[in-house]
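Text of run_3.csv, listed as CSV, C-alpha atoms:
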chain,number,residue,atom,x,y,z
G,85,MET,CA,132.9,72.6,145.3
G,86,PHE,CA,130.6,71.0,142.7
G,87,PRO,CA,131.9,68.2,140.6
G,88,SER,CA,132.5,69.1,136.9
G,89,PRO,CA,130.0,67.7,134.5
G,90,PRO,CA,131.0,64.5,132.7
G,91,PHE,CA,132.4,64.7,129.2
G,92,PHE,CA,129.5,62.9,127.6
G,93,SER,CA,127.1,65.5,128.9
G,94,CYS,CA,129.0,68.3,127.1
G,95,LEU,CA,129.1,66.1,124.0
G,96,GLY,CA,125.4,65.6,124.2
G,97,CYS,CA,124.7,69.3,124.5
G,98,PHE,CA,127.0,70.0,121.5
G,99,GLU,CA,125.2,67.4,119.4
G,100,CYS,CA,121.9,68.9,120.4
G,101,CYS,CA,123.0,72.3,119.2
G,102,ILE,CA,124.3,70.9,115.9
G,103,LYS,CA,120.9,69.2,115.4
G,104,CYS,CA,119.1,72.5,116.2
G,105,LEU,CA,121.3,74.4,113.7
G,106,GLY,CA,120.7,71.7,111.2
G,107,GLY,CA,117.0,72.2,111.5
G,108,VAL,CA,117.2,75.9,110.4
G,109,PRO,CA,115.9,76.5,106.9
G,110,TYR,CA,118.8,78.8,105.8
G,111,ALA,CA,117.4,79.5,102.4
G,112,SER,CA,114.1,80.6,103.8
G,113,LEU,CA,115.8,82.6,106.5
G,114,VAL,CA,118.0,84.5,104.0
G,115,ALA,CA,115.0,85.1,101.7
G,116,THR,CA,113.0,86.4,104.7
G,117,ILE,CA,115.7,88.9,105.7
G,118,LEU,CA,116.2,90.0,102.1
G,119,CYS,CA,112.4,90.3,101.6
G,120,PHE,CA,111.9,92.4,104.7
G,121,SER,CA,114.8,94.6,103.8
G,122,GLY,CA,113.7,95.1,100.2
G,123,VAL,CA,110.0,95.8,101.1
G,124,ALA,CA,111.1,98.2,103.8
G,125,LEU,CA,113.3,100.1,101.4
G,126,PHE,CA,110.7,100.1,98.6
G,127,CYS,CA,107.8,101.2,100.8
G,128,GLY,CA,109.6,103.7,103.0
G,129,CYS,CA,111.6,105.4,100.3
G,130,GLY,CA,108.8,105.2,97.8
G,131,HIS,CA,106.4,106.9,100.1
G,132,VAL,CA,108.7,109.9,100.8
G,133,ALA,CA,109.7,110.1,97.1
G,134,LEU,CA,106.1,110.3,95.9
G,135,ALA,CA,105.4,113.1,98.3
G,136,GLY,CA,108.5,115.0,97.0
G,137,THR,CA,107.4,114.4,93.4
G,138,ILE,CA,104.1,116.2,94.0
G,139,SER,CA,105.9,119.2,95.5
G,140,ILE,CA,108.3,119.4,92.5
G,141,LEU,CA,105.3,119.1,90.1
G,142,GLU,CA,103.3,121.8,91.8
G,143,GLN,CA,106.2,124.2,91.9
G,144,ASN,CA,107.7,123.8,88.4
G,145,PHE,CA,105.4,122.0,86.0
G,146,SER,CA,101.7,122.5,86.9
G,147,THR,CA,100.7,125.6,88.7
G,148,ASN,CA,97.0,124.9,88.2
G,149,VAL,CA,95.8,122.4,90.8
G,150,THR,CA,93.1,121.0,88.6
G,151,ASP,CA,95.7,119.9,86.0
G,152,HIS,CA,97.3,117.4,88.3
G,153,ALA,CA,94.4,116.6,90.6
G,154,LEU,CA,94.0,113.1,89.2
G,155,LEU,CA,97.8,112.5,89.5
G,156,SER,CA,97.7,113.7,93.1
G,157,GLU,CA,94.8,111.3,93.9
G,158,VAL,CA,96.7,108.4,92.3
G,159,ILE,CA,99.8,109.1,94.3
G,160,LYS,CA,97.9,109.3,97.5
G,161,LEU,CA,96.3,106.0,96.7
G,162,MET,CA,99.7,104.5,96.0
G,163,GLN,CA,100.9,105.7,99.3
G,164,TYR,CA,98.1,103.8,101.1
G,165,VAL,CA,98.7,100.7,99.0
G,166,ILE,CA,102.3,100.9,100.2
G,167,TYR,CA,101.1,100.5,103.8
G,168,GLY,CA,99.2,97.4,102.8
G,169,ILE,CA,102.1,95.9,100.9
G,170,ALA,CA,104.4,96.3,103.9
G,171,SER,CA,101.9,94.7,106.2
G,172,PHE,CA,101.2,91.8,103.9
G,173,PHE,CA,104.8,90.9,103.2
G,174,PHE,CA,105.7,91.1,106.9
G,175,LEU,CA,103.1,88.5,107.6
G,176,TYR,CA,103.7,86.4,104.5
G,177,GLY,CA,107.5,86.3,105.2
G,178,ILE,CA,106.9,85.0,108.7
G,179,ILE,CA,104.5,82.3,107.4
G,180,LEU,CA,106.9,81.1,104.7
G,181,LEU,CA,109.7,81.0,107.2
G,182,ALA,CA,107.5,78.9,109.6
G,183,GLU,CA,106.6,76.7,106.6
G,184,GLY,CA,110.3,76.2,105.9
G,185,PHE,CA,110.9,75.1,109.5
G,186,TYR,CA,108.0,72.7,109.3
G,187,THR,CA,109.2,71.0,106.1
G,188,THR,CA,112.9,70.8,107.0
G,189,SER,CA,113.5,67.1,107.5
G,190,ALA,CA,116.2,67.8,110.1
G,191,VAL,CA,113.3,68.9,112.4
G,192,LYS,CA,111.8,65.5,111.8
G,193,GLU,CA,115.0,63.9,113.0
G,194,LEU,CA,114.9,66.1,116.1
G,195,HIS,CA,111.3,65.5,117.0
G,196,GLY,CA,110.7,62.1,115.5
G,197,GLU,CA,109.3,61.0,112.2
G,198,PHE,CA,105.7,61.9,111.3
G,199,LYS,CA,103.4,61.5,108.3
G,200,THR,CA,102.2,64.5,106.4
G,201,THR,CA,98.5,64.9,105.8
G,202,ILE,CA,96.8,65.8,102.6
G,203,CYS,CA,95.8,69.2,104.1
G,204,GLY,CA,99.4,69.9,104.9
G,205,ARG,CA,100.5,69.1,101.3
G,206,CYS,CA,97.7,71.3,99.9
G,207,ILE,CA,98.8,74.2,102.1
G,208,SER,CA,102.4,73.8,101.0
G,209,GLY,CA,101.2,73.7,97.3
G,210,MET,CA,99.2,76.8,97.9
G,211,PHE,CA,102.3,78.6,99.1
G,212,VAL,CA,104.2,77.5,96.0
G,213,PHE,CA,101.5,78.9,93.7
G,214,LEU,CA,101.1,82.1,95.7
G,215,THR,CA,104.8,82.7,95.8
G,216,TYR,CA,105.1,82.3,92.0
G,217,VAL,CA,102.2,84.8,91.5
G,218,LEU,CA,103.9,87.3,93.8
G,219,GLY,CA,107.2,86.8,92.0
G,220,VAL,CA,105.7,87.6,88.7
G,221,ALA,CA,103.8,90.6,90.2
G,222,TRP,CA,106.9,92.0,91.8
G,223,LEU,CA,108.8,91.8,88.4
G,224,GLY,CA,106.1,94.2,87.2
G,225,VAL,CA,106.6,96.4,90.3
G,226,PHE,CA,110.3,96.4,89.8
G,227,GLY,CA,109.9,97.6,86.2
G,228,PHE,CA,107.3,100.2,87.2
G,229,SER,CA,109.7,101.5,89.9
G,230,ALA,CA,112.4,102.1,87.3
G,231,VAL,CA,110.1,104.6,85.4
G,232,PRO,CA,110.5,107.5,87.9
G,233,VAL,CA,114.2,106.8,88.1
G,234,PHE,CA,114.4,107.1,84.3
G,235,MET,CA,112.5,110.4,84.3
G,236,PHE,CA,114.5,111.9,87.1
G,237,TYR,CA,117.7,110.8,85.5
G,238,ASN,CA,116.7,112.5,82.2
G,239,MET,CA,116.1,115.7,84.1
G,240,TRP,CA,119.3,115.5,86.0
G,241,SER,CA,121.3,114.8,82.8
G,242,THR,CA,119.6,117.8,81.1
G,243,CYS,CA,120.6,120.0,84.1
G,244,GLU,CA,124.2,118.9,83.8
G,245,VAL,CA,124.2,120.0,80.2
G,246,ILE,CA,122.7,123.3,81.2
G,247,ARG,CA,125.4,123.8,83.8
G,248,SER,CA,128.2,123.0,81.3
G,249,LEU,CA,126.7,125.5,78.8
G,250,SER,CA,126.4,128.2,81.6
G,251,ALA,CA,130.1,127.6,82.4
G,252,ASN,CA,131.0,128.3,78.8
G,253,MET,CA,128.8,131.5,78.7
G,254,THR,CA,126.4,129.9,76.2
G,255,SER,CA,122.7,130.5,76.4
G,256,ALA,CA,120.7,127.4,77.5
G,257,ASP,CA,117.2,128.8,77.5
G,258,GLN,CA,116.2,126.5,74.6
G,259,ILE,CA,117.0,123.4,76.6
G,260,CYS,CA,113.9,122.1,78.3
G,261,VAL,CA,112.3,119.2,80.0
G,262,ASP,CA,108.6,118.7,79.2
G,263,ILE,CA,107.0,116.1,81.5
G,264,ARG,CA,103.8,116.3,79.5
G,265,GLN,CA,105.3,113.8,77.1
G,266,TYR,CA,105.3,111.2,79.8
G,267,GLY,CA,101.5,111.4,80.1
G,268,ILE,CA,101.5,112.2,83.8
G,269,ILE,CA,99.9,115.6,83.3
G,270,PRO,CA,97.6,116.8,80.4
G,271,TRP,CA,99.0,118.7,77.4
G,272,ASN,CA,97.1,121.9,78.4
G,273,ALA,CA,98.9,122.0,81.8
G,274,ILE,CA,100.7,125.3,82.4
G,275,PRO,CA,103.7,125.7,82.1
G,276,GLY,CA,104.2,122.0,81.6
G,277,LYS,CA,107.9,122.3,81.0
G,278,ALA,CA,111.0,123.8,82.7
G,279,CYS,CA,113.8,125.4,80.6
G,280,GLY,CA,117.2,126.9,81.1
G,281,SER,CA,118.0,128.4,84.5
G,282,THR,CA,114.6,127.4,85.9
G,283,LEU,CA,115.4,123.8,85.2
G,284,ALA,CA,118.9,124.1,86.6
G,285,ASN,CA,117.6,125.7,89.8
G,286,MET,CA,115.0,122.9,90.2
G,287,CYS,CA,117.7,120.3,90.0
G,288,SER,CA,119.6,122.0,92.7
G,289,THR,CA,116.7,121.9,95.2
G,290,PRO,CA,116.8,119.5,98.1
G,291,GLU,CA,113.4,118.1,97.1
G,292,PHE,CA,114.7,117.0,93.7
G,293,TYR,CA,117.9,115.6,95.0
G,294,LEU,CA,116.2,113.6,97.8
G,295,SER,CA,113.4,112.3,95.6
G,296,TYR,CA,115.8,111.2,92.9
G,297,HIS,CA,117.9,109.2,95.2
G,298,LEU,CA,115.0,107.8,97.1
G,299,PHE,CA,113.5,106.5,93.9
G,300,ILE,CA,116.8,104.8,93.2
G,301,VAL,CA,116.8,103.1,96.6
G,302,ALA,CA,113.1,102.1,96.2
G,303,CYS,CA,113.9,100.5,92.9
G,304,ALA,CA,116.8,98.6,94.5
G,305,GLY,CA,114.5,97.5,97.3
G,306,ALA,CA,112.0,96.2,94.7
G,307,GLY,CA,114.9,94.3,93.0
G,308,ALA,CA,115.9,92.8,96.4
G,309,THR,CA,112.3,91.7,96.9
G,310,VAL,CA,112.3,90.0,93.5
G,311,ILE,CA,115.5,88.1,94.4
G,312,ALA,CA,113.9,87.1,97.8
G,313,LEU,CA,110.8,85.8,96.1
G,314,LEU,CA,113.0,83.8,93.6
G,315,ILE,CA,114.7,82.1,96.6
G,316,TYR,CA,111.2,81.5,98.2
G,317,MET,CA,110.1,79.9,94.9
G,318,MET,CA,113.0,77.4,95.0
G,319,ALA,CA,112.5,76.7,98.7
G,320,THR,CA,108.8,76.2,98.6
G,321,THR,CA,109.0,74.1,95.5
G,322,TYR,CA,111.6,71.9,96.9
G,323,ASN,CA,109.8,71.6,100.3
G,324,PHE,CA,106.6,70.7,98.5
G,325,ALA,CA,108.4,67.9,96.6
G,326,VAL,CA,109.8,66.6,99.9
G,327,LEU,CA,106.4,66.5,101.5
G,328,LYS,CA,104.8,64.8,98.6
G,329,PHE,CA,107.3,62.3,97.5
G,330,LYS,CA,109.7,61.7,100.4
G,331,SER,CA,107.6,62.2,103.5
G,332,ARG,CA,108.3,58.7,104.7
G,333,GLU,CA,112.0,58.7,104.0
G,334,ASP,CA,114.9,60.1,106.1
G,335,CYS,CA,115.8,62.8,103.7
G,336,CYS,CA,117.9,65.8,104.4
G,337,THR,CA,116.1,69.1,103.5
G,338,LYS,CA,117.9,72.3,104.2
G,339,PHE,CA,115.4,74.7,102.6
Whole structure, structure tokens version:
Amino acid sequence: MFPSPPFFSCLGCFECCIKCLGGVPYASLVATILCFSGVALFCGCGHVALAGTISILEQNFSTNVTDHALLSEVIKLMQYVIYGIASFFFLYGIILLAEGFYTTSAVKELHGEFKTTICGRCISGMFVFLTYVLGVAWLGVFGFSAVPVFMFYNMWSTCEVIRSLSANMTSADQICVDIRQYGIIPWNAIPGKACGSTLANMCSTPEFYLSYHLFIVACAGAGATVIALLIYMMATTYNFAVLKFKSREDCCTKF
């Protein structure tokens, strides 16, 4: 029989756990999880949705390959850019989370007080600036990702009108969707538009249904990434202020 541990040992372990939990930068942790989730949704769903868009374009709006050759190259380039975005934000999120741990003053209490260096403050300031730049850039990405959602929604709404007219035995051949007006294919592209039953059949295909919903999810992922970057902005700004103005004080930073 081994003697039970004294009560003060259990209390010391409990206090140690509380200190460890107090040293977690919860705002940076939530922002990292949200950033990873948003970037994964944007990159994964956007990649598949772009491939489906090319298939829909070739089958219904541009039978001549030369008419949409430039658009195909741009979409392929965007798919490669998506790989780079995913890799960059995976690394950047980990770095910001590590920076949040470093600048949390509860960690100072756990490991002893220390003085920050000019290099450390410069690095923290660089993260503040870079996070603000990325936040503004992702606002643009979020707006850009809403464009295909708007286009697909217009086509889907037009198909709903065609279906309602077909149910009432009314001709719907004059109702068309012309994507040349969006500027993604030239005006001399053939046929350039889809009308009536052709448009209704296109909206019923799995490619259209999947691409439409994937673009919606990708847009939501971009929005989640913007929110994550806003949280990062607040966290990095606050941490930089702590490092610069309160590095010698026993302050309590939870970011």
**Request:** Kindly give the distance, in Å, that separates atom CA of G:Asn144 and atom CA of G:Ile274, rounded to a single decimal.
**Result:** 9.3 Å
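In this structure, atom CA of G:Met210 sits 20.2 Å away from atom CA of G:Leu223.
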**Complete:** With distances taken over only C-alpha atoms, the candidate from G:Gly184, G:Gly224, G:Gly305, G:Gly219 nearest G:Gly128 is G:Gly305
**Shortest interatomic distance to G:Glu157 - which of G:Ile140, G:Ala135, G:Leu175, G:Leu218, counting only C-alpha atoms** =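 Smallest separation from G:Glu157 among the options: G:Ala135.
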**Item:** One-decimal distance in Å that lies between atom CA of G:Leu113 and atom CA of G:Gly209
**Value:** 19.4 Å
**Request:** Would you mind telling me which residue in G:Ile138, G:Gly130, G:Val233, G:Gly307 lies nearest to G:Ile169 when using all atoms listed in the file?
**Result:**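 Going through G:Ile138, G:Gly130, G:Val233, G:Gly307 one by one, the smallest distance to G:Ile169 is for G:Gly130.
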**Message:** Neighbouring residues of G:Cys127 were defined as those with any atom within 6 Å, considering only C-alpha atoms; residues of the same chain fewer than 4 positions away were excluded. Please report them as a PyMOL selection string.
**Reply:** chain G and resi 123+131+166
